[in-house]
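S.K.: Submitted below is the structure of interest, expressed as structure tokens.
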Amino acid sequence: MYTFILPSGNEIELREMTGVEEELLTNQKLIRSGDAVNQVLSNCILRIGENGDVTTKTVLDMLSGDRLFTLVKLRQISLGDEVELDLVCPNTACRVKNHVVVNLDDLPVTTYPEEREFVFALPASGSKVRFCYMDGNMEKRLAAMQESSISTAMLIRILDINGNPPSKKALSEMSMRDRTALRAEMQRVDAGIDTAIETGCDTCGARIRTRLEAEPAFLFPGIRS
Ligand SMILES: [Zn+2]
């Protein structure tokens with residue numbers, strides 16, 4: 001069996017992915033709703049800390065950083081550490097494929113602090129925003145939304161503003177300065193595994209940015225993007 005320490009500090013025990021999980025991960029409907037990953041996680045996590053009865057609810061309650069970390073570890077134990085990507089240059093005049101090899105063991109991991117809630121005073125209005133970490137339940141709600149934007153991803157983490165429940169209106173009326181500061185603060189305290197890939201095109205030098213989990217080769221190395 002495979003054990004790892006999550007960014008939150010809990011120990012998890014995993015088993016390798018099988019054909020059952022591959023079926024789940026190729027089901028477009030399950031992928032869109034985010035349920036594919038939830039089912040894979042609940043199938044393959046044998047234990048979290050002392051809890052050996054891991055259900056879909058258990059994995060939805062996991063912090064997003066722990067969830068992505070687990071997915072990366074599942075990929076490593078099932079398919080190996082190296083991910084070979086062919087990233088298409090975003091420059092429409094170029095469109096050359098750039099071959100990039102990523103070793104999953106090299107991805108930076110940031111551990112979660114003890115505190116799970118934060119109060120941040122907005123620099124312009126002085127309003128106090130209380131926010132928490134993203135978890136699987138919030139990810140599921142985001143996936144169900146018609147339009148998910150930076151605003152909705154921010155809003156979903158806000159517990160209250162000056163003690164009042166957050167609203168879309170409150171966030172859209174917030175000044176640019178306050179929004180930028182709040183976004184930076186949320187990013188500053190965030191934890192988990194950094195799956196951002198950034199490279200320059202070999203041919204034209206354009207920046208290529210992606211996230212590993214968005215690349216087919218992350219879970220299906222046989223498929224060339
Ligand atoms: Zn290029």
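The chains in the structure tokens are called A, B, ... from first to last as shown; in each chain the residues are counted from 1, and the ligands are counted from 1 in the order shown.
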Dump the neighbourhood of ligand 1 as number ranges by chain: all residues within 9 Å, distances computed on only C-alpha atoms and all ligand atoms.
M.R.: A: 88-98, 200-208
S.K.: Neighbours of stretch 186-193 of chain A within 12 Å (only C-alpha atoms; same-chain residues fewer than 2 positions away dropped), as a PDB file with C-alpha atoms, in the first residue's frame?
M.R.:
ATOM      1  CA  ILE A   5       1.084  12.994   4.157  1.00  0.00           C
ATOM      2  CA  LEU A   6      -1.509  15.424   2.800  1.00  0.00           C
ATOM      3  CA  PRO A   7      -0.829  19.190   2.702  1.00  0.00           C
ATOM      4  CA  SER A   8      -3.294  19.407   5.655  1.00  0.00           C
ATOM      5  CA  GLY A   9      -1.088  17.053   7.692  1.00  0.00           C
ATOM      6  CA  MET A  62     -11.471  17.386   1.793  1.00  0.00           C
ATOM      7  CA  LEU A  63      -9.678  20.667   1.168  1.00  0.00           C
ATOM      8  CA  SER A  64      -9.011  21.346  -2.516  1.00  0.00           C
ATOM      9  CA  GLY A  65      -5.246  21.275  -2.017  1.00  0.00           C
ATOM     10  CA  ASP A  66      -5.499  17.825  -0.415  1.00  0.00           C
ATOM     11  CA  ARG A  67      -7.752  16.617  -3.236  1.00  0.00           C
ATOM     12  CA  LEU A  68      -5.418  17.713  -6.013  1.00  0.00           C
ATOM     13  CA  PHE A  69      -2.393  16.389  -4.104  1.00  0.00           C
ATOM     14  CA  THR A  70      -4.145  13.007  -3.837  1.00  0.00           C
ATOM     15  CA  LEU A  71      -4.939  13.000  -7.553  1.00  0.00           C
ATOM     16  CA  VAL A  72      -1.276  13.683  -8.361  1.00  0.00           C
ATOM     17  CA  LYS A  73      -0.151  10.870  -6.029  1.00  0.00           C
ATOM     18  CA  LEU A 104       5.407  14.973 -10.530  1.00  0.00           C
ATOM     19  CA  ASP A 105       7.780  14.530  -7.590  1.00  0.00           C
ATOM     20  CA  ASP A 106       9.159  18.000  -8.333  1.00  0.00           C
ATOM     21  CA  LEU A 107       5.844  19.863  -7.913  1.00  0.00           C
ATOM     22  CA  PRO A 108       6.010  22.284  -4.970  1.00  0.00           C
ATOM     23  CA  VAL A 109       3.746  21.369  -2.025  1.00  0.00           C
ATOM     24  CA  THR A 110       2.647  23.976   0.530  1.00  0.00           C
ATOM     25  CA  THR A 111       1.240  22.723   3.817  1.00  0.00           C
ATOM     26  CA  TYR A 112      -1.953  24.182   5.290  1.00  0.00           C
ATOM     27  CA  PRO A 113      -1.540  26.184   8.492  1.00  0.00           C
ATOM     28  CA  GLU A 114      -3.446  25.323  11.694  1.00  0.00           C
ATOM     29  CA  GLU A 115      -6.008  28.051  11.094  1.00  0.00           C
ATOM     30  CA  ARG A 116      -8.689  27.366   8.490  1.00  0.00           C
ATOM     31  CA  GLU A 117     -10.495  30.722   8.608  1.00  0.00           C
ATOM     32  CA  PHE A 118      -9.094  34.164   7.973  1.00  0.00           C
ATOM     33  CA  VAL A 119     -10.263  37.726   8.564  1.00  0.00           C
ATOM     34  CA  PHE A 120      -8.992  40.324   6.119  1.00  0.00           C
ATOM     35  CA  VAL A 129     -14.048  39.797   5.099  1.00  0.00           C
ATOM     36  CA  ARG A 130     -13.996  36.382   6.726  1.00  0.00           C
ATOM     37  CA  PHE A 131     -13.029  33.579   4.351  1.00  0.00           C
ATOM     38  CA  CYS A 132     -12.059  29.927   4.379  1.00  0.00           C
ATOM     39  CA  TYR A 133     -10.315  27.394   2.153  1.00  0.00           C
ATOM     40  CA  MET A 134     -11.903  25.859  -0.918  1.00  0.00           C
ATOM     41  CA  ASP A 135     -13.064  22.267  -0.481  1.00  0.00           C
ATOM     42  CA  ILE A 150     -12.800  34.788 -10.773  1.00  0.00           C
ATOM     43  CA  ALA A 153     -14.452  31.385  -7.188  1.00  0.00           C
ATOM     44  CA  MET A 154     -13.725  34.205  -4.734  1.00  0.00           C
ATOM     45  CA  LEU A 155     -17.311  34.549  -3.547  1.00  0.00           C
ATOM     46  CA  ILE A 156     -17.587  30.872  -2.736  1.00  0.00           C
ATOM     47  CA  ARG A 157     -14.764  31.148  -0.181  1.00  0.00           C
ATOM     48  CA  ILE A 158     -16.265  34.159   1.622  1.00  0.00           C
ATOM     49  CA  ARG A 179     -11.005  42.879  -4.916  1.00  0.00           C
ATOM     50  CA  THR A 180      -7.377  42.709  -6.001  1.00  0.00           C
ATOM     51  CA  ALA A 181      -6.202  42.860  -2.383  1.00  0.00           C
ATOM     52  CA  LEU A 182      -8.670  40.158  -1.308  1.00  0.00           C
ATOM     53  CA  ARG A 183      -7.693  37.895  -4.198  1.00  0.00           C
ATOM     54  CA  ALA A 184      -4.009  38.341  -3.327  1.00  0.00           C
ATOM     55  CA  THR A 195       0.354  22.112 -10.790  1.00  0.00           C
ATOM     56  CA  ALA A 196       0.841  25.237 -12.890  1.00  0.00           C
ATOM     57  CA  ARG A 211      -2.397  23.264 -15.426  1.00  0.00           C
ATOM     58  CA  LEU A 212      -1.316  19.635 -15.343  1.00  0.00           C
ATOM     59  CA  GLU A 213      -4.759  18.305 -14.428  1.00  0.00           C
TER      60      GLU A 213
END
S.K.: Tell me which of A:Glu22, A:Glu185, A:Glu13, A:Asp61 sits closest to A:Lys140, counting only C-alpha atoms.
M.R.: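 Answer, going by the shortest atom-to-atom distance: A:Asp61.
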S.K.: Identify, with DSSP run on backbone atoms, the residues in stretch 37-166 of chain A assigned to helix (DSSP H, G or I), and express the list as a ChimeraX atom specification.
M.R.: /A:37-44,56-60,64-79,104-106,136-144,150-155
S.K.: Please, which residues in stretch 79-188 of chain A fall within 9 Å of stretch 34-55 of chain A when counting only C-alpha atoms, and what is the closest atom pair and distance in Å to one decimal for each, ordered by chain then residue number, as JSON lines?
M.R.:
{"residue": "A:Gly136", "atom": "CA", "partner": "A:Asn38", "partner_atom": "CA", "distance": 8.2}
{"residue": "A:Glu139", "atom": "CA", "partner": "A:Gly34", "partner_atom": "CA", "distance": 7.8}
{"residue": "A:Lys140", "atom": "CA", "partner": "A:Gly34", "partner_atom": "CA", "distance": 6.2}
{"residue": "A:Ala143", "atom": "CA", "partner": "A:Gly34", "partner_atom": "CA", "distance": 6.6}
{"residue": "A:Ala144", "atom": "CA", "partner": "A:Gly34", "partner_atom": "CA", "distance": 8.7}
S.K.: What's around A:Ile161 at 7 Å? Count only C-alpha atoms, leave out sequence neighbours fewer than 3 positions away in its own chain, and write the answer as a VMD selection string.
M.R.: chain A and resid 127 to 130 164 to 166
S.K.: Residues of the last selection are to be written out with N, CA and C atoms, as a CSV table (one decimal), in the first residue's frame.
M.R.:
chain,number,residue,atom,x,y,z
A,127,SER,N,-13.9,47.3,5.2
A,127,SER,CA,-14.8,46.1,5.5
A,127,SER,C,-14.0,44.9,5.9
A,128,LYS,N,-14.5,44.1,6.8
A,128,LYS,CA,-13.8,42.9,7.2
A,128,LYS,C,-14.4,41.7,6.6
A,129,VAL,N,-13.6,41.0,5.8
A,129,VAL,CA,-14.0,39.8,5.1
A,129,VAL,C,-13.5,38.6,5.8
A,130,ARG,N,-14.4,37.6,6.1
A,130,ARG,CA,-14.0,36.4,6.7
A,130,ARG,C,-14.1,35.3,5.6
A,164,ASN,N,-22.2,40.0,7.6
A,164,ASN,CA,-23.3,39.7,6.7
A,164,ASN,C,-23.0,38.6,5.7
A,165,PRO,N,-24.0,37.7,5.4
A,165,PRO,CA,-23.7,36.7,4.3
A,165,PRO,C,-23.3,37.4,3.0
A,166,PRO,N,-22.3,36.8,2.3
A,166,PRO,CA,-21.8,37.4,1.1
A,166,PRO,C,-22.9,37.3,0.0
S.K.: Between atom CA of A:Phe218 and atom CA of A:Ile77, what is the distance, to one decimal in Å?
M.R.: 12.7 Å
S.K.: Taking 3 positions as the minimum chain separation for residues in the same chain, which residues sit within 8 Å of A:Pro123 when counting only C-alpha atoms? Answer as a PyMOL selection string.
M.R.: chain A and resi 126+177-178+181
S.K.: What's the separation between atom CA of A:Leu74 and atom CA of A:Gln28, in Å to one decimal place?
M.R.: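 Atom-to-atom, atom CA of A:Leu74 to atom CA of A:Gln28, that is 20.2 Å.
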S.K.: Which of these residues is nearest to A:Ser175, using only C-alpha atoms: A:Gln76, A:Gln146, A:Ser125, A:Thr56?
M.R.: A:Ser125
S.K.: Excluding same-chain residues fewer than 6 positions from A:Thr152, what lies within 9 Å of it counting only C-alpha atoms, as a CSV table (one decimal) with C-alpha atoms, in the first residue's frame?
M.R.:
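Output file part00.csv follows:
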chain,number,residue,atom,x,y,z
A,142,LEU,CA,-18.6,26.0,-8.9
A,145,MET,CA,-22.7,27.1,-12.1
A,168,LYS,CA,-22.8,38.6,-5.8
